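Novice: Okay, so here is data13.cif, and as you'll see once you scroll down, it has mmCIF, C-alpha atoms.
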```
data_structure
loop_
_atom_site.label_atom_id
_atom_site.label_comp_id
_atom_site.auth_asym_id
_atom_site.auth_seq_id
_atom_site.Cartn_x
_atom_site.Cartn_y
_atom_site.Cartn_z
CA MET A 1 14.60 27.66 -26.62
CA PHE A 2 12.32 26.39 -23.83
CA ASN A 3 12.40 25.62 -20.13
CA ARG A 4 14.45 22.44 -19.65
CA ARG A 5 13.08 21.87 -16.17
CA MET A 6 9.54 21.83 -17.54
CA GLN A 7 10.64 19.55 -20.35
CA LYS A 8 12.00 17.12 -17.76
CA LEU A 9 8.72 17.22 -15.83
CA GLY A 10 6.87 16.44 -19.03
CA GLU A 11 9.18 13.57 -19.93
CA GLU A 12 9.18 12.08 -16.42
CA ARG A 13 5.43 11.90 -16.04
CA SER A 14 3.67 10.93 -12.84
CA VAL A 15 4.08 7.21 -12.17
CA ILE A 16 0.36 7.08 -11.38
CA ARG A 17 -0.64 8.71 -14.67
CA GLU A 18 1.76 6.51 -16.63
CA LEU A 19 0.13 3.41 -15.14
CA PHE A 20 -3.30 4.79 -15.94
CA GLU A 21 -2.31 5.34 -19.59
CA TYR A 22 -0.72 1.88 -19.73
CA GLY A 23 -3.97 0.43 -18.40
CA ASN A 24 -5.97 2.17 -21.12
CA ARG A 25 -3.71 0.67 -23.76
CA ARG A 26 -3.99 -2.82 -22.26
CA LYS A 27 -7.78 -2.54 -22.09
CA ALA A 28 -7.85 -1.71 -25.80
CA GLU A 29 -5.63 -4.72 -26.51
CA ILE A 30 -7.16 -7.46 -24.35
CA GLY A 31 -10.48 -6.09 -23.16
CA ALA A 32 -11.30 -3.90 -20.15
CA GLU A 33 -12.66 -6.87 -18.20
CA ASN A 34 -9.20 -8.48 -18.23
CA VAL A 35 -7.27 -5.52 -16.79
CA PHE A 36 -7.34 -4.69 -13.07
CA ASP A 37 -6.43 -1.03 -12.87
CA PHE A 38 -5.87 0.14 -9.28
CA SER A 39 -3.66 3.08 -10.24
CA LEU A 40 -5.69 6.28 -10.17
CA GLY A 41 -7.71 7.74 -7.30
CA ASN A 42 -10.62 8.38 -9.64
CA PRO A 43 -14.01 8.18 -7.84
CA ASN A 44 -16.34 5.57 -9.34
CA ILE A 45 -19.35 6.18 -7.06
CA PRO A 46 -21.96 8.43 -8.71
CA ALA A 47 -22.41 11.98 -7.49
CA PRO A 48 -25.32 12.49 -5.07
CA ALA A 49 -28.73 12.93 -6.66
CA ALA A 50 -28.78 16.50 -5.33
CA VAL A 51 -25.76 17.36 -7.49
CA ASN A 52 -27.34 16.12 -10.71
CA GLY A 53 -30.61 17.76 -9.75
CA GLU A 54 -28.92 21.10 -9.15
CA ILE A 55 -27.06 20.88 -12.47
CA SER A 56 -30.35 20.27 -14.27
CA ARG A 57 -32.07 23.10 -12.41
CA LEU A 58 -29.27 25.53 -13.19
CA LEU A 59 -29.14 24.60 -16.88
CA GLN A 60 -32.87 25.15 -17.24
CA ASN A 61 -33.25 28.31 -15.19
CA THR A 62 -30.03 30.32 -15.27
CA PRO A 63 -29.02 32.84 -17.96
CA ALA A 64 -25.93 31.76 -19.90
CA ASP A 65 -23.79 34.66 -18.74
CA LEU A 66 -24.44 33.71 -15.09
CA LEU A 67 -23.76 30.03 -15.77
CA HIS A 68 -20.78 30.02 -18.12
CA GLY A 69 -19.39 33.55 -17.83
CA TYR A 70 -16.60 34.79 -15.59
CA SER A 71 -16.96 35.21 -11.85
CA SER A 72 -14.75 37.28 -9.60
CA ALA A 73 -11.27 35.78 -9.48
CA GLN A 74 -11.78 34.66 -5.88
CA GLY A 75 -15.14 33.10 -6.75
CA LEU A 76 -18.82 33.98 -6.72
CA TYR A 77 -19.76 35.84 -3.56
CA GLU A 78 -22.80 33.59 -3.08
CA ALA A 79 -20.59 30.50 -3.36
CA ARG A 80 -18.10 31.86 -0.83
CA THR A 81 -20.94 32.85 1.47
CA ALA A 82 -22.39 29.32 1.29
CA ILE A 83 -18.97 27.77 1.99
CA ALA A 84 -18.40 30.04 4.98
CA ALA A 85 -21.86 29.24 6.36
CA TYR A 86 -21.19 25.51 6.00
CA ILE A 87 -17.83 25.77 7.82
CA ARG A 88 -19.46 27.68 10.69
CA LYS A 89 -22.35 25.20 10.97
CA LYS A 90 -20.40 21.98 10.50
CA PHE A 91 -17.21 22.75 12.42
CA GLY A 92 -18.14 25.69 14.64
CA ALA A 93 -15.18 27.62 13.25
CA PRO A 94 -15.31 31.33 12.43
CA ALA A 95 -15.39 31.75 8.65
CA GLU A 96 -15.92 34.75 6.41
CA PRO A 97 -16.63 34.77 2.67
CA ASP A 98 -13.95 37.42 2.16
CA LEU A 99 -11.29 34.96 3.39
CA ILE A 100 -12.34 32.15 1.03
CA TYR A 101 -10.85 31.69 -2.43
CA VAL A 102 -12.62 29.23 -4.75
CA THR A 103 -10.18 27.13 -6.79
CA CYS A 104 -9.88 24.67 -9.65
CA GLY A 105 -9.63 21.69 -7.29
CA ALA A 106 -7.13 20.63 -4.63
CA ALA A 107 -4.06 20.99 -6.86
CA ALA A 108 -4.90 24.65 -7.47
CA SER A 109 -5.63 25.15 -3.77
CA LEU A 110 -2.16 23.87 -2.88
CA THR A 111 -0.21 25.56 -5.67
CA VAL A 112 -1.87 28.92 -5.03
CA THR A 113 -1.30 28.62 -1.27
CA LEU A 114 2.35 27.60 -1.66
CA ASN A 115 3.03 30.44 -4.08
CA ALA A 116 1.30 32.87 -1.73
CA LEU A 117 3.51 31.76 1.19
CA CYS A 118 6.88 30.93 -0.29
CA GLU A 119 9.84 33.29 0.05
CA GLU A 120 13.48 32.61 -0.71
CA GLY A 121 14.92 29.89 1.52
CA ASP A 122 11.57 28.62 2.80
CA GLU A 123 11.07 24.95 3.66
CA PHE A 124 7.80 23.00 3.68
CA ILE A 125 7.54 19.82 5.73
CA VAL A 126 5.52 16.84 4.51
CA LEU A 127 4.87 13.53 6.25
CA ALA A 128 6.18 10.53 4.32
CA PRO A 129 4.61 8.74 2.60
CA PHE A 130 3.07 11.71 0.80
CA PHE A 131 1.26 12.58 -2.44
CA PRO A 132 4.06 12.78 -5.07
CA GLU A 133 2.93 16.08 -6.57
CA TYR A 134 3.71 17.86 -3.27
CA ARG A 135 7.35 17.90 -4.31
CA ILE A 136 6.52 19.43 -7.70
CA PHE A 137 4.21 22.03 -6.16
CA VAL A 138 6.69 23.08 -3.45
CA GLU A 139 9.73 23.25 -5.70
CA ASN A 140 7.84 25.11 -8.43
CA ALA A 141 6.87 27.73 -5.83
CA GLY A 142 10.56 28.15 -5.05
CA GLY A 143 10.58 26.24 -1.77
CA LYS A 144 12.38 23.18 -0.45
CA LEU A 145 10.41 20.06 0.45
CA VAL A 146 11.48 18.33 3.66
CA ALA A 147 10.07 14.81 4.09
CA VAL A 148 9.69 13.52 7.65
CA PRO A 149 8.98 9.78 8.14
CA THR A 150 5.83 8.74 9.95
CA ASN A 151 5.69 5.95 12.54
CA SER A 152 5.00 2.29 11.78
CA ALA A 153 1.24 2.94 11.61
CA PHE A 154 1.82 5.87 9.20
CA HIS A 155 0.82 8.44 11.82
CA PRO A 156 2.87 11.55 12.69
CA ASP A 157 6.13 11.04 14.57
CA LEU A 158 6.23 14.19 16.72
CA ALA A 159 9.85 13.68 17.79
CA ALA A 160 10.98 13.45 14.15
CA LEU A 161 8.88 16.48 13.27
CA GLU A 162 10.42 18.55 16.05
CA GLN A 163 13.88 17.68 14.79
CA ALA A 164 12.93 18.74 11.25
CA ILE A 165 11.46 22.17 12.06
CA THR A 166 14.01 24.97 11.62
CA PRO A 167 13.89 28.76 11.33
CA HIS A 168 13.42 28.17 7.58
CA THR A 169 10.21 26.15 8.03
CA LYS A 170 7.31 28.10 6.58
CA ALA A 171 4.64 25.41 6.93
CA VAL A 172 3.83 21.78 7.64
CA ILE A 173 1.48 20.07 5.17
CA VAL A 174 -0.94 17.56 6.70
CA ASN A 175 -3.15 15.26 4.61
CA SER A 176 -5.75 13.32 6.64
CA PRO A 177 -7.36 11.02 5.60
CA ASN A 178 -4.08 10.30 3.92
CA ASN A 179 -3.09 9.53 0.37
CA PRO A 180 -1.54 6.93 0.01
CA THR A 181 -1.99 5.15 3.38
CA GLY A 182 -5.62 5.84 4.33
CA ALA A 183 -4.46 6.87 7.82
CA VAL A 184 -6.73 9.28 9.73
CA TYR A 185 -4.84 11.36 12.28
CA THR A 186 -6.44 11.58 15.71
CA GLU A 187 -7.40 14.72 17.60
CA GLU A 188 -4.80 13.88 20.24
CA GLU A 189 -2.08 13.72 17.58
CA MET A 190 -3.18 16.98 16.00
CA ARG A 191 -3.36 18.76 19.36
CA ALA A 192 0.21 17.62 20.01
CA LEU A 193 1.24 18.90 16.57
CA ALA A 194 -0.48 22.23 17.25
CA ALA A 195 1.37 22.56 20.57
CA LEU A 196 4.66 21.81 18.81
CA LEU A 197 4.01 24.46 16.15
CA GLU A 198 3.03 27.00 18.81
CA LYS A 199 6.28 26.27 20.62
CA LYS A 200 8.38 26.60 17.47
CA SER A 201 6.56 29.75 16.36
CA LYS A 202 7.41 31.43 19.66
CA GLU A 203 10.99 30.15 19.50
CA TYR A 204 11.57 31.56 16.01
CA GLY A 205 9.46 34.71 16.35
CA ALA A 206 7.28 33.94 13.33
CA PRO A 207 4.30 31.62 12.84
CA VAL A 208 4.92 28.18 11.40
CA LEU A 209 1.78 27.58 9.38
CA LEU A 210 -0.19 24.37 9.09
CA ILE A 211 -1.61 23.56 5.64
CA SER A 212 -4.47 21.08 5.87
CA ASP A 213 -4.92 19.31 2.52
CA GLU A 214 -8.46 17.93 2.67
CA PRO A 215 -9.73 16.24 -0.51
CA TYR A 216 -10.62 13.09 1.47
CA ARG A 217 -12.13 14.68 4.60
CA GLU A 218 -15.52 12.98 4.27
CA LEU A 219 -14.13 9.57 3.30
CA CYS A 220 -13.83 8.08 6.79
CA TYR A 221 -14.90 4.69 8.15
CA GLY A 222 -14.88 5.62 11.82
CA ALA A 223 -14.00 8.82 13.62
CA GLU A 224 -13.80 12.01 11.55
CA PRO A 225 -10.49 13.88 11.46
CA PRO A 226 -10.47 16.97 13.70
CA TYR A 227 -10.95 20.35 12.05
CA LEU A 228 -7.49 21.83 12.34
CA PRO A 229 -8.41 25.55 12.43
CA ASN A 230 -10.15 24.74 15.73
CA LEU A 231 -6.88 23.40 17.14
CA TYR A 232 -4.29 25.75 15.63
CA GLN A 233 -5.06 29.30 14.62
CA ASN A 234 -2.39 29.54 11.91
CA THR A 235 -3.98 26.91 9.69
CA VAL A 236 -4.81 27.24 6.00
CA VAL A 237 -7.37 24.74 4.66
CA CYS A 238 -7.05 23.47 1.07
CA TYR A 239 -10.25 21.63 0.20
CA SER A 240 -11.70 19.88 -2.85
CA TRP A 241 -15.10 18.34 -3.64
CA SER A 242 -13.46 15.87 -6.05
CA LYS A 243 -13.91 12.89 -3.76
CA ALA A 244 -16.85 13.83 -1.52
CA LEU A 245 -19.12 14.64 -4.48
CA SER A 246 -17.36 12.47 -7.10
CA LEU A 247 -16.49 15.53 -9.18
CA ALA A 248 -12.78 14.95 -9.78
CA GLY A 249 -12.90 16.06 -13.41
CA GLU A 250 -14.84 19.24 -12.70
CA ARG A 251 -11.96 20.80 -10.71
CA ILE A 252 -13.67 22.63 -7.88
CA GLY A 253 -12.36 23.39 -4.37
CA TYR A 254 -11.39 26.29 -2.14
CA ILE A 255 -8.78 27.84 0.14
CA PHE A 256 -10.01 28.90 3.57
CA ILE A 257 -8.02 31.27 5.76
CA PRO A 258 -9.48 31.50 9.28
CA PRO A 259 -9.85 35.06 10.58
CA THR A 260 -7.79 33.90 13.60
CA CYS A 261 -4.76 33.29 11.36
CA ALA A 262 -1.91 35.78 11.77
CA ASN A 263 -2.20 38.57 9.19
CA ALA A 264 -5.24 36.82 7.71
CA GLN A 265 -6.27 39.63 5.37
CA ALA A 266 -2.75 40.14 4.03
CA LEU A 267 -2.41 36.39 3.52
CA PHE A 268 -5.69 36.36 1.60
CA TYR A 269 -4.39 39.15 -0.66
CA ALA A 270 -1.26 37.04 -1.22
CA VAL A 271 -3.51 34.11 -2.20
CA CYS A 272 -5.37 36.36 -4.65
CA GLY A 273 -2.06 37.58 -6.06
CA ALA A 274 -0.71 34.04 -6.41
CA GLY A 275 -3.87 32.95 -8.22
CA ARG A 276 -3.50 35.91 -10.55
CA SER A 277 0.16 35.19 -11.25
CA LEU A 278 -0.56 31.54 -11.98
CA GLY A 279 -3.33 32.43 -14.43
CA PHE A 280 -6.31 31.21 -12.40
CA VAL A 281 -8.98 33.67 -13.57
CA CYS A 282 -11.78 31.88 -11.76
CA ALA A 283 -12.99 28.37 -10.95
CA PRO A 284 -15.72 26.82 -13.18
CA VAL A 285 -18.79 28.95 -12.56
CA LEU A 286 -21.39 26.23 -13.15
CA PHE A 287 -19.81 24.12 -10.43
CA GLN A 288 -19.33 27.06 -8.10
CA ARG A 289 -23.12 27.31 -8.15
CA VAL A 290 -23.54 23.55 -7.76
CA VAL A 291 -21.33 23.24 -4.69
CA ALA A 292 -22.90 26.33 -3.14
CA ALA A 293 -26.18 24.42 -3.13
CA CYS A 294 -24.72 20.99 -2.27
CA ALA A 295 -22.10 21.66 0.41
CA GLY A 296 -22.35 18.89 2.99
CA GLN A 297 -23.71 16.28 0.59
CA THR A 298 -21.58 13.19 -0.12
CA SER A 299 -21.56 10.29 -2.51
CA ASP A 300 -22.35 6.86 -1.05
CA ILE A 301 -19.19 6.53 1.05
CA ALA A 302 -20.43 3.18 2.39
CA GLU A 303 -19.67 1.66 -1.02
CA TYR A 304 -15.98 2.49 -0.60
CA LYS A 305 -16.00 0.84 2.81
CA LYS A 306 -17.44 -2.34 1.27
CA ASN A 307 -14.65 -2.28 -1.32
CA ARG A 308 -12.07 -1.74 1.40
CA ASP A 309 -13.35 -4.61 3.51
CA LEU A 310 -13.51 -7.00 0.56
CA LEU A 311 -10.01 -6.21 -0.71
CA TYR A 312 -8.32 -5.93 2.68
CA GLY A 313 -9.90 -9.16 3.90
CA ALA A 314 -8.89 -11.12 0.81
CA LEU A 315 -5.34 -9.79 0.57
CA THR A 316 -4.52 -10.37 4.23
CA GLU A 317 -5.99 -13.86 3.95
CA TYR A 318 -3.66 -14.54 1.01
CA GLY A 319 -0.64 -13.39 3.05
CA TYR A 320 -0.16 -9.75 2.06
CA GLU A 321 0.81 -7.34 4.86
CA CYS A 322 -1.26 -4.18 5.17
CA THR A 323 -2.28 -1.67 7.85
CA PRO A 324 -6.09 -1.33 7.70
CA PRO A 325 -6.96 2.15 6.38
CA ASP A 326 -9.45 4.30 8.30
CA GLY A 327 -10.22 6.65 5.42
CA ALA A 328 -9.70 7.68 1.78
CA PHE A 329 -9.87 4.83 -0.76
CA TYR A 330 -6.39 3.34 -0.78
CA LEU A 331 -4.67 0.26 0.61
CA PHE A 332 -0.94 0.67 1.29
CA VAL A 333 0.43 -2.85 1.02
CA LYS A 334 3.92 -4.07 1.88
CA SER A 335 5.79 -5.39 -1.13
CA PRO A 336 6.90 -9.02 -0.76
CA GLU A 337 10.27 -8.03 -2.24
CA PRO A 338 12.51 -5.04 -1.37
CA SER A 339 11.85 -3.20 -4.63
CA ALA A 340 8.23 -2.09 -4.92
CA ALA A 341 8.88 -1.12 -8.55
CA SER A 342 10.01 -4.67 -9.36
CA PHE A 343 6.97 -6.09 -7.59
CA CYS A 344 4.68 -3.83 -9.62
CA GLU A 345 6.32 -4.97 -12.85
CA ARG A 346 5.67 -8.58 -11.85
CA ALA A 347 2.08 -7.66 -10.99
CA LYS A 348 1.62 -6.40 -14.56
CA ARG A 349 2.07 -9.98 -15.80
CA HIS A 350 -1.19 -10.70 -13.97
CA GLU A 351 -2.73 -7.49 -15.40
CA LEU A 352 -2.68 -5.93 -11.91
CA LEU A 353 -1.77 -2.23 -12.04
CA LEU A 354 -0.39 -1.13 -8.66
CA VAL A 355 1.54 2.05 -7.81
CA PRO A 356 5.04 1.58 -6.32
CA SER A 357 5.77 3.59 -3.18
CA GLU A 358 9.09 5.15 -4.19
CA SER A 359 7.32 8.19 -5.65
CA PHE A 360 5.48 8.60 -2.32
CA GLY A 361 8.78 9.07 -0.52
CA VAL A 362 9.15 5.60 1.02
CA GLU A 363 10.33 2.22 -0.21
CA GLY A 364 8.85 -1.25 -0.12
CA TYR A 365 5.08 -0.63 -0.48
CA VAL A 366 2.45 -0.36 -3.18
CA ARG A 367 -0.71 1.73 -3.29
CA ILE A 368 -3.93 0.09 -4.42
CA SER A 369 -6.83 2.42 -5.26
CA TYR A 370 -10.08 0.61 -4.49
CA CYS A 371 -12.38 3.32 -5.89
CA VAL A 372 -13.35 0.90 -8.65
CA ALA A 373 -16.39 -1.22 -9.44
CA ARG A 374 -16.74 -4.10 -6.99
CA SER A 375 -16.72 -6.51 -9.91
CA VAL A 376 -13.18 -5.36 -10.75
CA ILE A 377 -12.05 -6.28 -7.23
CA GLU A 378 -13.85 -9.61 -7.35
CA ARG A 379 -12.32 -10.54 -10.74
CA SER A 380 -8.87 -9.43 -9.58
CA LEU A 381 -8.67 -11.68 -6.51
CA PRO A 382 -7.40 -14.81 -8.33
CA ALA A 383 -4.64 -12.66 -9.85
CA PHE A 384 -3.63 -11.32 -6.41
CA ARG A 385 -3.59 -14.89 -5.06
CA ALA A 386 -1.48 -16.17 -7.96
CA LEU A 387 0.94 -13.24 -7.59
CA ILE A 388 1.69 -13.82 -3.90
CA LYS A 389 2.11 -17.56 -4.52
CA GLU A 390 5.05 -16.75 -6.78
CA TYR A 391 6.94 -15.51 -3.74
CA ARG A 392 6.40 -18.72 -1.80
CA LYS A 393 8.11 -21.01 -4.29
#
```
As a first step, turn the structure in this file into structure tokens.

Specialist:
Amino acid sequence: MFNRRMQKLGEERSVIRELFEYGNRRKAEIGAENVFDFSLGNPNIPAPAAVNGEISRLLQNTPADLLHGYSSAQGLYEARTAIAAYIRKKFGAPAEPDLIYVTCGAAASLTVTLNALCEEGDEFIVLAPFFPEYRIFVENAGGKLVAVPTNSAFHPDLAALEQAITPHTKAVIVNSPNNPTGAVYTEEEMRALAALLEKKSKEYGAPVLLISDEPYRELCYGAEPPYLPNLYQNTVVCYSWSKALSLAGERIGYIFIPPTCANAQALFYAVCGAGRSLGFVCAPVLFQRVVAACAGQTSDIAEYKKNRDLLYGALTEYGYECTPPDGAFYLFVKSPEPSAASFCERAKRHELLLVPSESFGVEGYVRISYCVARSVIERSLPAFRALIKEYRK
């Protein structure tokens, strides 16, 4: 009657989304000021003034058919031209508009790319902990997800990666700054990864691709992550403006295939075909025009750093264990009991909504999204202190 696998996905909703919905119900019951929802990575910093200004300008000066009508499936040529120009200027990487595909956000970038790449028997390596939807995206494309543990600082373990790569490996997915840990991989680490992939590509006689998932690229509190197409030619970039411009709900991003990538034009056609097969007619045209004008702008990232410093400082003072994140807007905190899920249930008694790590592919941690109003963090601190005290009795 209907697809049972899809029914199961619908019934077993994302743990993150379930917590978010639970939080909305609790806010209605006891008041929003009494619930401390750290579940969803939903940007709370306003978009840059340039974004709102460009929206206003477009609404006032652009004919409706050019603002709300269809674009080419791969995106407006002027938007792709602007994106390519930004990549060349910012990163010094060769980029052509005809190898850029504008998408409905990072999820579309990844699902289209995976469907473009995946053939029967293909494996895709992810670094654990990883964004839970990777598994859904890979398996729905017909591939097998292979999770490789990171080291104690949540950075790539090259020895473990080398052991995991086989003739069936189609690509390695890298997410830096990382969700859920906030880790930012260094250029040295990425050069070592590139060398490993070059070695394995020669060994197996076919390129092992690198997929760089980059919704958090600009959210760094120190050194920027290296631009991977400059280190490894067989890289595909999946980007989103959801975090940099605080436009998560507008669903706008892109896929970039460097001209240096093996069979770049054929791969781009595969991307176009995958988008077609998945029903992506085109990304929102209004926001294609907005990002074309605002590429390189960011929201006030310094506000996230202030949130990070406040929350990290308080929690470590109270006795929580946490590796300081260098990017994104998440703290990955060690659970004071073996079961992170049990710890999160106990946290709910204090109206603290934290995401258990099991869905991220590791055990014993919780993710705390600090992209919230600072007042939420400040009001939550007594609850965090009371919660950890329960484990000292």

Novice: Suppose you want the space between atom CA of Ala147 of chain A and atom CA of Ala164 of chain A; what is it in Å?

Specialist: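 Taking atom CA of Ala147 of chain A as the start and atom CA of Ala164 of chain A as the end point, the length is 8.7 Å.
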
Novice: Could you check the closest approach to Lys170 of chain A for each of A:Ala274, A:Ile252, A:Leu209, A:Ala32 and tell me which residue wins, using all atoms listed in the file?

Specialist: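 For Lys170 of chain A, the nearest of the given residues is A:Leu209.
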
Novice: In Å, how far is it from atom CA of Ala328 of chain A to atom CA of Ala116 of chain A?

Specialist: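 Distance between the two atoms: 27.7 Å.
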
Novice: Taking a cut-off of 7 Å and counting only C-alpha atoms, can you build a table that, for each residue of segment 133-211 of chain A near segment 100-115 of chain A, reports the nearest atom pair and how far apart they are in Å (one decimal), sorted by chain then residue number, as a tab-separated table?

Specialist:
```
residue	atom	partner	partner_atom	distance
A:Phe137	CA	A:Thr111	CA	5.7
A:Val138	CA	A:Leu114	CA	6.5
A:Ala141	CA	A:Asn115	CA	5.0
```

Novice: Find the residues around Val208 of chain A up to 10 Å (all atoms listed in the file counted), leave out those fewer than 6 positions away in its own chain, and share them as a list of chain:residue names.

Specialist: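 Counting only the stated atoms, we get A:Phe124, A:Ile165, A:Thr166, A:Pro167, A:His168, A:Thr169, A:Lys170, A:Ala171, A:Val172, A:Ala194, A:Leu196, A:Leu197, A:Glu198, A:Lys199, A:Lys200, A:Ser201, A:Lys202, A:Asn234, A:Thr235.
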
Novice: Provide the atom CA of Lys348 of chain A to atom CA of Ser380 of chain A distance in Å, to one decimal place.

Specialist: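 Interatomic distance here is 12.0 Å.
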
Novice: Write out as a PyMOL selection string the residues lying within 8 Å of Glu358 of chain A, counting all atoms listed in the file and excluding same-chain residues fewer than 4 positions away.

Specialist: chain A and resi 340-341+362-365

Novice: Pro356 of chain A: which residues within 10 Å, counting only C-alpha atoms, same-chain residues fewer than 4 positions away excluded, as a list in words?

Specialist: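 Here the answer would be Val15, Ile16, Ser39, Phe332, Val333, Ser335, Ser339, Ala340, Ala341, Ser342, Phe343, Cys344, Glu345, Phe360, Val362, Glu363, Gly364, Tyr365, Val366, Arg367 and Ile368 of chain A.
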
Novice: For the structure provided, state which residues fall under the PyMOL selection byres ((chain A and resi 121) around 7), and present them as a list in words.

Specialist: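 That selection, the PyMOL selection byres ((chain A and resi 121) around 7), comes back as Glu119, Glu120, Asp122, Glu123, Gly143 and His168 of chain A.
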
Novice: To verify the selection step, state as an MDAnalysis selection string which residues the PyMOL selection byres ((chain A and resi 288) around 12) yields on this input.

Specialist: chainID A and resid 51 54:55 58 66:83 101:105 240:241 247 250:254 282:287 289:295

Novice: Save out the residues we just selected, C-alpha atoms, as an mmCIF file, in the frame of the given file.

Specialist:
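Result file out.cif:
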```
data_model
loop_
_atom_site.group_PDB
_atom_site.id
_atom_site.type_symbol
_atom_site.label_atom_id
_atom_site.label_comp_id
_atom_site.auth_asym_id
_atom_site.auth_seq_id
_atom_site.Cartn_x
_atom_site.Cartn_y
_atom_site.Cartn_z
ATOM 1 C CA VAL A 51 -25.760 17.360 -7.490
ATOM 2 C CA GLU A 54 -28.920 21.100 -9.150
ATOM 3 C CA ILE A 55 -27.060 20.880 -12.470
ATOM 4 C CA LEU A 58 -29.270 25.530 -13.190
ATOM 5 C CA LEU A 66 -24.440 33.710 -15.090
ATOM 6 C CA LEU A 67 -23.760 30.030 -15.770
ATOM 7 C CA HIS A 68 -20.780 30.020 -18.120
ATOM 8 C CA GLY A 69 -19.390 33.550 -17.830
ATOM 9 C CA TYR A 70 -16.600 34.790 -15.590
ATOM 10 C CA SER A 71 -16.960 35.210 -11.850
ATOM 11 C CA SER A 72 -14.750 37.280 -9.600
ATOM 12 C CA ALA A 73 -11.270 35.780 -9.480
ATOM 13 C CA GLN A 74 -11.780 34.660 -5.880
ATOM 14 C CA GLY A 75 -15.140 33.100 -6.750
ATOM 15 C CA LEU A 76 -18.820 33.980 -6.720
ATOM 16 C CA TYR A 77 -19.760 35.840 -3.560
ATOM 17 C CA GLU A 78 -22.800 33.590 -3.080
ATOM 18 C CA ALA A 79 -20.590 30.500 -3.360
ATOM 19 C CA ARG A 80 -18.100 31.860 -0.830
ATOM 20 C CA THR A 81 -20.940 32.850 1.470
ATOM 21 C CA ALA A 82 -22.390 29.320 1.290
ATOM 22 C CA ILE A 83 -18.970 27.770 1.990
ATOM 23 C CA TYR A 101 -10.850 31.690 -2.430
ATOM 24 C CA VAL A 102 -12.620 29.230 -4.750
ATOM 25 C CA THR A 103 -10.180 27.130 -6.790
ATOM 26 C CA CYS A 104 -9.880 24.670 -9.650
ATOM 27 C CA GLY A 105 -9.630 21.690 -7.290
ATOM 28 C CA SER A 240 -11.700 19.880 -2.850
ATOM 29 C CA TRP A 241 -15.100 18.340 -3.640
ATOM 30 C CA LEU A 247 -16.490 15.530 -9.180
ATOM 31 C CA GLU A 250 -14.840 19.240 -12.700
ATOM 32 C CA ARG A 251 -11.960 20.800 -10.710
ATOM 33 C CA ILE A 252 -13.670 22.630 -7.880
ATOM 34 C CA GLY A 253 -12.360 23.390 -4.370
ATOM 35 C CA TYR A 254 -11.390 26.290 -2.140
ATOM 36 C CA CYS A 282 -11.780 31.880 -11.760
ATOM 37 C CA ALA A 283 -12.990 28.370 -10.950
ATOM 38 C CA PRO A 284 -15.720 26.820 -13.180
ATOM 39 C CA VAL A 285 -18.790 28.950 -12.560
ATOM 40 C CA LEU A 286 -21.390 26.230 -13.150
ATOM 41 C CA PHE A 287 -19.810 24.120 -10.430
ATOM 42 C CA ARG A 289 -23.120 27.310 -8.150
ATOM 43 C CA VAL A 290 -23.540 23.550 -7.760
ATOM 44 C CA VAL A 291 -21.330 23.240 -4.690
ATOM 45 C CA ALA A 292 -22.900 26.330 -3.140
ATOM 46 C CA ALA A 293 -26.180 24.420 -3.130
ATOM 47 C CA CYS A 294 -24.720 20.990 -2.270
ATOM 48 C CA ALA A 295 -22.100 21.660 0.410
#
```

Novice: Please tell me which residues are no farther than 10 Å from (-10.2, 16.7, 14.9) in the file, counting all atoms listed in the file, and write them as number ranges by chain.

Specialist: A: 91, 176, 184-191, 223-231

Novice: Quick one: of A:Ile136, A:Leu354, A:Cys261, A:Ile30, who's nearest to Pro94 of chain A, counting all atoms listed in the file?

Specialist: A:Cys261

Novice: Rank nothing, just name the residue among A:Glu390, A:Asp300, A:Glu162, A:Glu351 nearest to Glu337 of chain A, using only C-alpha atoms.

Specialist: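 For Glu337 of chain A, the nearest of the given residues is A:Glu390.
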
Novice: If the PyMOL selection byres ((chain A and resi 315) around 12) is run on the structure shown, which residues does it catch, given as a compact mmCIF listing (two decimals) with C-alpha atoms, in the frame of the given file?

Specialist:
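Final output, saved to out.txt:
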```
# COMPACT_ATOMS: atom_id res chain seq x y z
CA ARG A 308 -12.07 -1.74 1.40
CA ASP A 309 -13.35 -4.61 3.51
CA LEU A 310 -13.51 -7.00 0.56
CA LEU A 311 -10.01 -6.21 -0.71
CA TYR A 312 -8.32 -5.93 2.68
CA GLY A 313 -9.90 -9.16 3.90
CA ALA A 314 -8.89 -11.12 0.81
CA THR A 316 -4.52 -10.37 4.23
CA GLU A 317 -5.99 -13.86 3.95
CA TYR A 318 -3.66 -14.54 1.01
CA GLY A 319 -0.64 -13.39 3.05
CA TYR A 320 -0.16 -9.75 2.06
CA GLU A 321 0.81 -7.34 4.86
CA CYS A 322 -1.26 -4.18 5.17
CA THR A 323 -2.28 -1.67 7.85
CA PRO A 324 -6.09 -1.33 7.70
CA LEU A 331 -4.67 0.26 0.61
CA PHE A 332 -0.94 0.67 1.29
CA VAL A 333 0.43 -2.85 1.02
CA LYS A 334 3.92 -4.07 1.88
CA ILE A 368 -3.93 0.09 -4.42
CA ILE A 377 -12.05 -6.28 -7.23
CA GLU A 378 -13.85 -9.61 -7.35
CA SER A 380 -8.87 -9.43 -9.58
CA LEU A 381 -8.67 -11.68 -6.51
CA PRO A 382 -7.40 -14.81 -8.33
CA ALA A 383 -4.64 -12.66 -9.85
CA PHE A 384 -3.63 -11.32 -6.41
CA ARG A 385 -3.59 -14.89 -5.06
CA ALA A 386 -1.48 -16.17 -7.96
CA LEU A 387 0.94 -13.24 -7.59
CA ILE A 388 1.69 -13.82 -3.90
CA LYS A 389 2.11 -17.56 -4.52
```
